[in-house]
Amino acid sequence: MKPVAAIVGSGSLLGRELRDLLAGGAFQTKLIGADREETGTLTEEDNEPVVMTALDEDNLAGARIVFLAGSPESSRKALDIVSRLPSSPPVLIDLTYVMEDRPGAYLRAPIAEPANFVPPPLTGHVIAHPASTVLAMFLSRISQAHTIRRAVAHVFEPASERGKRGIEELEQQTVNLLTFKQLPKKVYGEQVGFNLLAAFGTEAEESLATIEERIERHLASLLALHGNIPMPSLRLIQAPVFHGYSASLWVEFEENPGREALEKHLASAQIDVRGPDLDPPHVVGMAGQSGIAVGAIAADRSDPRACWFWLASDNLRIMAENGVAVARALLGQPGTAREQ
């Protein structure tokens with residue numbers, strides 16, 4: 001019998017991504033609604049109708065793995081339920097950051113970790129922020145051959161990082177702007193449609209600075225696994241895009257190896273390098289794709305030792321793949337994050 005993997009918040013954007021990656025694989029997937037409104041909701045799994053069950057002790061008991069992919073409130077409720085289970089508690093894989101400061105939880109990003117990395121045997125895993133994973137993948141790869149002196153990253157945050165509510169608010173703002181109606185601002189506290197934000201409005205539920213600090217913490221932890229890689233200066237900007245991260249990176253080397261050498265070394269199974277004969281990467285083209293794409297590599301005309309890079313990635317896919325990779329490793333299954 002296949003081990004059970006329960007997804008708390010299976011109707012969320014991340015929950016749906018996990019369902020896609022786990023479909024037909026090594027786990028029997030149990031779909032659990034994050035909120036009362038989702039309980040009993042009819043959804044689809046493997047082309048068959050499935051009802052999302054309630055978040056309670058009966059539905060979490062017996063699971064080998066529990067993915068936390070809903071709201072922070074549902075994650076905290078799941079943690080409380082698991083703590084009361086009489087025996088054999090499941091391993092928790094947190095994609096909501098609720099366990100970030102809890103003892104016994106470890107930050108994970110398998111696709112950005114060294115090949116020989118062995119995590120401690122804990123029962124809680126917090127999946128690193130996708131922007132941190134992207135930057136760690138890029139910087140660790142390039143530093144293997146070329147010594148980095150300094151780096152600066154401008155990261156453009158998509159609406160899907162705020163879940164369905166973030167996407168719906170951006171969509172409604174866009175429609176209302178075109179029809180001269182009042183803008184909803186519950187999520188961002190400010191106009192994000194047709195705009196760029198360096199900070200959310202005062203009524204926003206979470207500040208952009210808090211998210212930026214989380215990215216920095218997670219990135220510092222991931223880079224520490226790879227040795228002496230300098231921490232980049234980072235700025236997070238809310239972009240009026242629905243899905244996918246873009247990032248503009250400036251990197252200064254001890255000696256600039258040139259574009260061709262950089263392209264050659266960056267190219268790997270997880271990094272798609274777009275040379276000058278191809279269009280630069282963008283988030284639309286990366287939707288549903290694994291890894292990251294790098295392009296528009298250009299020398300800095302003001303600093304002969306520095307180069308500019310443009311990165312694009314699917315934030316939800318990266319988070320889900322890291323979560324599934326952790327789950328696979330717990331079963332002793334090598335390979336990619338996608339279930340076969």
# chains A, B, ... in the order shown; residues from 1 in each chain; ligands from 1
$ residues_around --residues "Leu139 in chain A" --least-positions-apart "6" --cutoff "12 Å" --atoms "only C-alpha atoms" --output "ChimeraX atom specification"
/A:112-113,132-133,145-153,219-220,222-224,226-232,249-253,262,265-266,271,294,309,311
$ select_by_dssp --residues "range 58-287 of chain A" --states "alpha helix (DSSP H)" --output "ChimeraX atom specification"
/A:58-60,72-83,130-143,163-178,208-224,259-266,283-286
$ closest_residue --among "A:Arg214, A:Arg317, A:Arg301, A:Arg141" --to "Leu21 in chain A" --atoms "only C-alpha atoms"
A:Arg317
$ select_by_dssp --residues "range 73-321 of chain A" --states "strand (DSSP E or B)" --output "number ranges by chain"
A: 91-94, 105-108, 124-127, 148-157, 197, 233-238, 245-253, 271-273, 292-299, 306-313
$ write_last_selection --atoms "C-alpha atoms" --output "mmCIF file, in the first residue's frame"
data_model
loop_
_atom_site.group_PDB
_atom_site.id
_atom_site.type_symbol
_atom_site.label_atom_id
_atom_site.label_comp_id
_atom_site.auth_asym_id
_atom_site.auth_seq_id
_atom_site.Cartn_x
_atom_site.Cartn_y
_atom_site.Cartn_z
ATOM 1 C CA VAL A 91 6.606 14.415 8.919
ATOM 2 C CA LEU A 92 5.538 18.005 8.271
ATOM 3 C CA ILE A 93 6.587 19.830 5.108
ATOM 4 C CA ASP A 94 5.691 23.489 5.547
ATOM 5 C CA ALA A 105 12.231 22.436 11.828
ATOM 6 C CA TYR A 106 14.886 22.760 9.132
ATOM 7 C CA LEU A 107 14.996 25.040 6.098
ATOM 8 C CA ARG A 108 15.011 23.022 2.881
ATOM 9 C CA GLY A 124 9.721 19.269 10.293
ATOM 10 C CA HIS A 125 10.902 20.824 7.032
ATOM 11 C CA VAL A 126 10.270 24.437 6.012
ATOM 12 C CA ILE A 127 10.510 24.944 2.254
ATOM 13 C CA ILE A 148 32.231 36.615 -6.841
ATOM 14 C CA ARG A 149 33.217 39.867 -5.126
ATOM 15 C CA ARG A 150 29.809 41.525 -4.817
ATOM 16 C CA ALA A 151 26.273 41.105 -6.091
ATOM 17 C CA VAL A 152 23.062 43.123 -6.172
ATOM 18 C CA ALA A 153 19.620 41.637 -6.888
ATOM 19 C CA HIS A 154 16.344 43.343 -7.736
ATOM 20 C CA VAL A 155 13.585 40.754 -7.337
ATOM 21 C CA PHE A 156 10.103 41.316 -8.782
ATOM 22 C CA GLU A 157 7.342 39.725 -6.724
ATOM 23 C CA LEU A 197 5.610 49.056 -5.391
ATOM 24 C CA SER A 233 22.360 43.180 -1.541
ATOM 25 C CA LEU A 234 18.674 42.623 -2.253
ATOM 26 C CA ARG A 235 15.629 44.736 -3.009
ATOM 27 C CA LEU A 236 12.127 43.274 -3.394
ATOM 28 C CA ILE A 237 9.636 45.036 -5.674
ATOM 29 C CA GLN A 238 5.961 44.162 -6.101
ATOM 30 C CA TYR A 245 9.503 35.706 -10.451
ATOM 31 C CA SER A 246 11.779 37.950 -12.481
ATOM 32 C CA ALA A 247 15.120 39.135 -11.120
ATOM 33 C CA SER A 248 17.792 41.520 -12.345
ATOM 34 C CA LEU A 249 21.226 40.623 -10.966
ATOM 35 C CA TRP A 250 24.450 42.591 -11.039
ATOM 36 C CA VAL A 251 27.521 40.501 -10.215
ATOM 37 C CA GLU A 252 31.086 41.727 -9.833
ATOM 38 C CA PHE A 253 33.800 39.088 -10.201
ATOM 39 C CA ILE A 271 19.387 26.346 -15.506
ATOM 40 C CA ASP A 272 18.290 27.136 -19.053
ATOM 41 C CA VAL A 273 20.694 29.690 -20.512
ATOM 42 C CA ILE A 292 15.228 28.806 -13.858
ATOM 43 C CA ALA A 293 16.039 30.569 -17.099
ATOM 44 C CA VAL A 294 18.921 33.042 -17.422
ATOM 45 C CA GLY A 295 19.527 35.450 -20.262
ATOM 46 C CA ALA A 296 20.277 39.020 -21.341
ATOM 47 C CA ILE A 297 23.817 38.563 -19.985
ATOM 48 C CA ALA A 298 25.698 41.789 -20.597
ATOM 49 C CA ALA A 299 28.906 43.421 -19.406
ATOM 50 C CA ALA A 306 30.835 43.110 -13.548
ATOM 51 C CA CYS A 307 27.978 41.642 -15.588
ATOM 52 C CA TRP A 308 24.184 41.943 -15.615
ATOM 53 C CA PHE A 309 21.876 38.892 -15.677
ATOM 54 C CA TRP A 310 18.117 38.490 -16.095
ATOM 55 C CA LEU A 311 16.397 35.525 -14.397
ATOM 56 C CA ALA A 312 12.862 34.123 -14.669
ATOM 57 C CA SER A 313 11.169 31.255 -12.833
#
$ residues_around --residues "range 179-193 of chain A" --least-positions-apart "3" --cutoff "7 Å" --atoms "only C-alpha atoms" --output "list in words"
Gly166, Glu169, Leu170, Gln173, Thr174, Val175, Asn176, Leu196, Leu197, Phe200, Gly201, Thr202, Glu203, Ala204, Glu205 and Pro240 of chain A
$ write_last_selection --atoms "N, CA and C atoms" --output "compact mmCIF listing (two decimals), in the first residue's frame"
# COMPACT_ATOMS: atom_id res chain seq x y z
N GLY A 166 -4.48 37.44 -3.62
CA GLY A 166 -3.59 38.40 -4.26
C GLY A 166 -3.84 38.50 -5.75
N GLU A 169 -7.22 40.24 -6.33
CA GLU A 169 -7.19 41.69 -6.11
C GLU A 169 -6.49 42.41 -7.26
N LEU A 170 -5.39 41.84 -7.76
CA LEU A 170 -4.72 42.45 -8.91
C LEU A 170 -5.65 42.45 -10.12
N GLN A 173 -8.35 45.09 -9.52
CA GLN A 173 -7.79 46.43 -9.66
C GLN A 173 -7.62 46.79 -11.13
N THR A 174 -7.13 45.84 -11.92
CA THR A 174 -6.92 46.09 -13.35
C THR A 174 -8.23 46.41 -14.05
N VAL A 175 -9.26 45.62 -13.76
CA VAL A 175 -10.58 45.85 -14.36
C VAL A 175 -11.14 47.20 -13.91
N ASN A 176 -11.04 47.48 -12.61
CA ASN A 176 -11.61 48.72 -12.08
C ASN A 176 -10.89 49.96 -12.60
N LEU A 196 4.33 49.69 -9.89
CA LEU A 196 5.39 48.98 -9.19
C LEU A 196 5.44 49.53 -7.77
N LEU A 197 5.62 48.63 -6.79
CA LEU A 197 5.61 49.06 -5.39
C LEU A 197 6.91 48.67 -4.70
N PHE A 200 4.20 47.99 0.51
CA PHE A 200 2.74 47.90 0.52
C PHE A 200 2.16 49.07 1.31
N GLY A 201 0.87 49.30 1.12
CA GLY A 201 0.18 50.31 1.89
C GLY A 201 0.02 49.91 3.35
N THR A 202 -0.34 50.87 4.18
CA THR A 202 -0.42 50.63 5.62
C THR A 202 -1.51 49.63 5.99
N GLU A 203 -2.51 49.43 5.12
CA GLU A 203 -3.59 48.50 5.43
C GLU A 203 -3.31 47.06 4.96
N ALA A 204 -2.16 46.84 4.34
CA ALA A 204 -1.83 45.50 3.85
C ALA A 204 -1.65 44.54 5.02
N GLU A 205 -1.96 43.26 4.77
CA GLU A 205 -1.90 42.25 5.82
C GLU A 205 -0.46 41.90 6.19
N PRO A 240 3.21 44.19 -11.15
CA PRO A 240 1.82 43.94 -11.54
C PRO A 240 1.69 42.73 -12.47
$ atom_distance --atom1 "CA of Arg64 in chain A" --atom2 "CA of Gly11 in chain A"
20.2 Å
$ residues_around --residues "Pro158 in chain A" --least-positions-apart "3" --cutoff "6 Å" --atoms "only C-alpha atoms" --output "list in words"
Glu161, Ala239, Val241, Phe242, His243 and Gly244 of chain A
$ closest_residue --among "A:Ile32, A:Ala198, A:Ala269, A:Val118" --to "Leu68 in chain A" --atoms "only C-alpha atoms"
A:Ile32
